[in-house]
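K.L.:
So here's my_file31.cif (mmCIF, C-alpha atoms).
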```cif
data_coords
loop_
_atom_site.label_atom_id
_atom_site.label_comp_id
_atom_site.auth_asym_id
_atom_site.auth_seq_id
_atom_site.Cartn_x
_atom_site.Cartn_y
_atom_site.Cartn_z
CA MET A 131 -47.96 0.34 -34.56
CA GLN A 132 -49.83 1.95 -31.64
CA ALA A 133 -48.15 -0.36 -29.13
CA THR A 134 -44.71 0.56 -30.40
CA ASP A 135 -45.47 4.27 -30.07
CA VAL A 136 -46.62 3.74 -26.49
CA LEU A 137 -43.48 1.71 -25.77
CA LYS A 138 -41.27 4.40 -27.28
CA LYS A 139 -42.96 7.03 -25.12
CA GLU A 140 -42.47 4.91 -21.98
CA LEU A 141 -38.80 4.33 -22.83
CA HIS A 142 -38.28 8.03 -23.39
CA GLU A 143 -39.93 8.88 -20.05
CA ALA A 144 -37.83 6.26 -18.25
CA GLU A 145 -34.71 7.63 -19.90
CA GLU A 146 -35.60 11.15 -18.77
CA ARG A 147 -36.11 9.93 -15.18
CA LEU A 148 -32.76 8.18 -15.20
CA LEU A 149 -31.03 11.24 -16.59
CA ALA A 150 -32.60 13.38 -13.86
CA GLU A 151 -31.36 10.95 -11.20
CA LEU A 152 -27.88 10.98 -12.73
CA ARG A 153 -27.82 14.76 -12.71
CA THR A 154 -28.78 14.92 -9.04
CA LEU A 155 -26.14 12.29 -8.20
CA ARG A 156 -23.53 14.14 -10.22
CA GLY A 157 -24.40 17.31 -8.33
CA GLY A 158 -24.07 15.41 -5.05
CA LEU A 159 -20.63 14.16 -6.04
CA ARG A 160 -19.42 17.73 -6.28
CA VAL A 161 -19.69 17.82 -2.49
CA ARG A 162 -16.59 15.62 -2.48
CA ASP A 163 -14.52 18.58 -3.63
CA GLN A 164 -15.80 20.56 -0.67
CA GLY A 165 -14.86 17.65 1.64
CA GLU A 166 -11.31 17.83 0.36
CA LYS A 167 -11.24 21.54 1.15
CA ALA A 168 -12.38 20.77 4.71
CA VAL A 169 -9.02 19.10 5.35
CA ASP A 170 -7.38 22.51 5.06
CA THR A 171 -9.58 23.90 7.85
CA LEU A 172 -8.34 21.70 10.69
CA THR A 173 -8.41 23.00 14.22
CA VAL A 174 -5.18 23.41 16.17
CA GLY A 175 -6.05 20.34 18.27
CA GLN A 176 -6.63 18.22 15.17
CA LYS A 177 -3.33 19.36 13.66
CA ILE A 178 -1.48 18.54 16.89
CA ALA A 179 -3.17 15.14 17.16
CA ASP A 180 -2.23 14.31 13.56
CA GLN A 181 1.34 15.45 14.07
CA VAL A 182 1.75 13.46 17.32
CA ALA A 183 0.24 10.34 15.72
CA ALA A 184 2.45 10.73 12.65
CA THR A 185 5.58 11.24 14.76
CA MET A 186 4.92 8.38 17.18
CA GLY A 187 4.04 6.06 14.32
CA SER A 188 7.31 6.63 12.47
CA TRP A 189 10.42 4.48 12.35
CA LYS A 190 12.51 7.49 13.34
CA PHE A 191 10.62 7.78 16.65
CA ILE A 192 10.83 4.03 17.34
CA ILE A 193 14.58 3.94 16.67
CA ILE A 194 15.28 7.05 18.78
CA GLN A 195 13.16 5.74 21.64
CA SER A 196 14.83 2.32 21.46
CA VAL A 197 18.29 3.93 21.59
CA ILE A 198 17.25 6.04 24.60
CA LEU A 199 15.83 3.00 26.41
CA ILE A 200 18.94 0.91 25.75
CA ALA A 201 21.19 3.77 26.90
CA TRP A 202 19.03 4.28 30.02
CA ILE A 203 19.20 0.59 30.95
CA ALA A 204 22.90 0.29 30.12
CA LEU A 205 23.85 3.35 32.17
CA ASN A 206 21.84 2.12 35.15
CA LEU A 207 23.15 -1.45 34.99
CA THR A 208 26.77 -0.40 34.71
CA ALA A 209 26.35 2.27 37.42
CA TYR A 210 28.08 4.80 35.18
CA VAL A 211 26.09 7.72 36.58
CA ARG A 212 25.46 6.72 40.21
CA ASN A 213 22.55 4.38 39.43
CA TRP A 214 19.68 6.92 39.43
CA ASP A 215 17.15 4.22 38.47
CA PRO A 216 18.15 0.81 39.87
CA TYR A 217 17.22 -2.54 38.35
CA PRO A 218 13.42 -2.72 38.42
CA PHE A 219 13.67 0.59 36.49
CA ILE A 220 10.69 2.16 38.24
CA LEU A 221 11.51 5.65 36.95
CA LEU A 222 11.76 4.33 33.36
CA ASN A 223 8.45 2.52 33.79
CA LEU A 224 6.89 5.73 35.09
CA ALA A 225 8.24 7.74 32.14
CA LEU A 226 6.94 5.19 29.61
CA SER A 227 3.53 5.06 31.32
CA PHE A 228 3.38 8.86 31.26
CA GLN A 229 4.26 8.85 27.54
CA ALA A 230 1.60 6.22 26.79
CA ALA A 231 -1.04 8.07 28.83
CA TYR A 232 -0.44 11.25 26.85
CA ALA A 233 0.03 9.64 23.45
CA ALA A 234 -3.09 7.46 23.49
CA PRO A 235 -5.67 10.29 23.39
CA PHE A 236 -3.79 12.09 20.60
CA ILE A 237 -3.61 8.91 18.54
CA MET A 238 -7.29 8.13 19.18
CA MET A 239 -8.34 11.65 18.11
CA SER A 240 -6.35 11.29 14.92
CA GLN A 241 -7.82 7.82 14.27
CA ASN A 242 -11.38 9.07 14.86
CA ARG A 243 -10.87 11.89 12.39
CA GLN A 244 -9.39 9.48 9.85
CA GLN A 245 -12.35 7.16 10.39
CA ASP A 246 -14.73 10.03 9.58
CA ILE A 247 -12.77 10.78 6.41
CA ASP A 248 -12.86 7.09 5.44
CA ARG A 249 -16.62 6.95 6.06
CA LYS A 250 -17.18 9.96 3.79
CA GLU A 251 -15.01 8.39 1.09
CA ALA A 252 -17.00 5.15 1.35
CA GLU A 253 -20.24 7.13 0.94
CA ASN A 254 -18.79 8.87 -2.12
CA ASP A 255 -17.69 5.53 -3.57
CA HIS A 256 -21.19 4.18 -3.00
CA GLN A 257 -22.71 7.16 -4.84
CA ILE A 258 -20.27 6.66 -7.71
CA ASN A 259 -21.25 2.98 -7.90
CA ILE A 260 -24.93 3.92 -7.99
CA LYS A 261 -24.21 6.44 -10.73
CA ALA A 262 -22.32 3.84 -12.76
CA GLU A 263 -25.17 1.39 -12.31
CA LEU A 264 -27.68 3.96 -13.52
CA GLU A 265 -25.54 4.81 -16.53
CA ILE A 266 -25.23 1.12 -17.42
CA GLU A 267 -29.00 0.76 -17.09
CA LEU A 268 -29.44 3.78 -19.35
CA LEU A 269 -27.14 2.22 -21.94
CA HIS A 270 -29.13 -1.03 -21.76
CA GLN A 271 -32.32 0.88 -22.38
CA LYS A 272 -30.79 2.68 -25.36
CA ILE A 273 -29.61 -0.62 -26.82
CA ASP A 274 -33.06 -2.14 -26.26
CA GLU A 275 -34.62 0.86 -28.01
CA LEU A 276 -32.24 0.45 -30.96
CA ARG A 277 -33.07 -3.24 -31.15
CA GLU A 278 -36.76 -2.45 -31.08
CA LYS A 279 -36.34 0.06 -33.90
CA GLU A 280 -34.41 -2.53 -35.88
CA VAL A 281 -37.11 -5.16 -35.26
CA LEU A 282 -39.79 -2.66 -36.34
CA PHE A 283 -37.80 -1.83 -39.47
CA LEU A 284 -37.33 -5.53 -40.28
CA THR A 285 -41.00 -6.26 -39.58
CA GLN A 286 -42.00 -3.43 -41.92
CA ALA A 287 -39.56 -4.68 -44.57
CA ILE A 288 -41.00 -8.21 -44.31
CA SER A 289 -44.49 -6.77 -44.51
CA ASP A 290 -43.60 -4.81 -47.61
CA LEU A 291 -41.96 -7.82 -49.22
CA THR A 292 -44.95 -10.01 -48.37
CA GLU A 293 -47.28 -7.42 -49.88
CA LEU A 294 -45.09 -7.23 -52.99
CA LEU A 295 -45.10 -11.01 -53.33
CA LYS A 296 -48.88 -11.11 -52.96
CA ARG A 297 -49.27 -8.48 -55.68
CA GLU A 298 -46.92 -10.29 -58.01
CA LYS A 299 -48.66 -13.59 -57.33
CA SER A 300 -52.09 -12.09 -57.97
CA ALA A 301 -50.79 -10.46 -61.19
CA GLY A 302 -49.63 -13.89 -62.37
CA VAL A 303 -45.95 -13.05 -62.55
CA PRO A 304 -43.92 -16.28 -62.32
CA LEU A 305 -41.32 -16.46 -59.59
#
```
Please, can you express the file's structure as structure tokens?
P.N.:
Amino acid sequence: MQATDVLKKELHEAEERLLAELRTLRGGLRVRDQGEKAVDTLTVGQKIADQVAATMGSWKFIIIQSVILIAWIALNLTAYVRNWDPYPFILLNLALSFQAAYAAPFIMMSQNRQQDIDRKEAENDHQINIKAELEIELLHQKIDELREKEVLFLTQAISDLTELLKREKSAGVPL
């Protein structure tokens, strides 16, 4: 019985350690709420970058730009307005290069910020997975402890029955 008491004490200590780890992890997960609040405190540059990236990545922008490009080319090919940008469309090329040169940094800033947000979410997911793993381990330990108690109870019951049988046998009581 001494070994079982020692084992129970060790299980209880391990359970306490796991619970302490879970509590610290749970406290760390509350930081996620603060991370969501950080989205509200964007700088003006970050808001502009997000807005530019959202606008240039929309179907509305693509359709409007396509209509403008088709109109530009059609008007210059048909010489409707004195051919301000003849066939190689150098002015159109310049305008599109200018647009791309300005749009790229805005889009990259927005992507970098989104990448930071994704990295934080991945870290939070990892912490949640660790927490779930610890909780599962804790449940395994509790089940093992219950099994051990059941085995101890059954061992004691068998011991008692064996003792009872020995007494009855020694008293000469027929089975």
K.L.:
What does the distance from CA of Ser227 (chain A) to CA of Leu199 (chain A) come to in Å, to one decimal?
P.N.:
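Going from CA of Ser227 (chain A) over to CA of Leu199 (chain A), I get 13.4 Å.
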K.L.:
One decimal, Å: what's the distance from CA of Val136 (chain A) over to CA of Leu284 (chain A), could you say?
P.N.:
19.0 Å
K.L.:
Here is a test: counting all atoms listed in the file, which residue of A:Leu295, A:Val281, A:Val182, A:Leu276 is nearest to Met238 (chain A)?
P.N.:
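Among the listed residues, A:Val182 lies closest to Met238 (chain A).
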K.L.:
Could you check the closest approach to Tyr232 (chain A) for each of A:Ala262, A:Ala179, A:Ser188, A:Asp255 and tell me which residue wins, using all atoms listed in the file?
P.N.:
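Ranked by minimum distance to Tyr232 (chain A), first place goes to A:Ala179.
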K.L.:
Enumerate, in order of chain and increasing residue number, the residues of region 214-276 of chain A with an atom no farther than 7 Å from region 202-206 of chain A, each with its shortest atom pair and distance in Å to one decimal, counting all atoms listed in the file, as a tab-separated table.
P.N.:
```
residue	atom	partner	partner_atom	distance
A:Trp214	CA	A:Asn206	CA	6.8
A:Asp215	CA	A:Asn206	CA	6.1
A:Pro216	CA	A:Asn206	CA	6.1
```
K.L.:
Draw an axis-aligned box over all listed atoms of region 258-264 of chain A, pad each side with 3 Å, and write its centre and edge lengths in Å, one decimal, as lines of an AutoDock Vina configuration file.
P.N.:
```
center_x = -24.0
center_y = 4.0
center_z = -10.6
size_x = 13.4
size_y = 11.3
size_z = 11.8
```
K.L.:
Rounded to one decimal place, report the CA of Arg243 (chain A)-CA of Met186 (chain A) distance in Å.
P.N.:
16.9 Å
K.L.:
Could you give me, as a list in words, the residues that sit within 10 Å of (9.3, 8.1, 25.4) in the file's coordinates, counting only C-alpha atoms?
P.N.:
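Output: Met186, Phe191, Ile192, Ile194, Gln195, Ser196, Ile198, Leu199, Leu222, Ala225, Leu226, Ser227, Phe228, Gln229, Ala230 and Ala233 of chain A.
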K.L.:
Step by step, work through what the PyMOL selection byres ((chain A and resi 180) around 12) selects in the shown file, and finish by giving those residues as a list in words.
P.N.:
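So the PyMOL selection byres ((chain A and resi 180) around 12), applied here, picks out Val169, Leu172, Thr173, Val174, Gly175, Gln176, Lys177, Ile178, Ala179, Gln181, Val182, Ala183, Ala184, Thr185, Met186, Gly187, Ala233, Pro235, Phe236, Ile237, Met238, Met239, Ser240, Gln241, Asn242, Arg243 and Gln244 of chain A.
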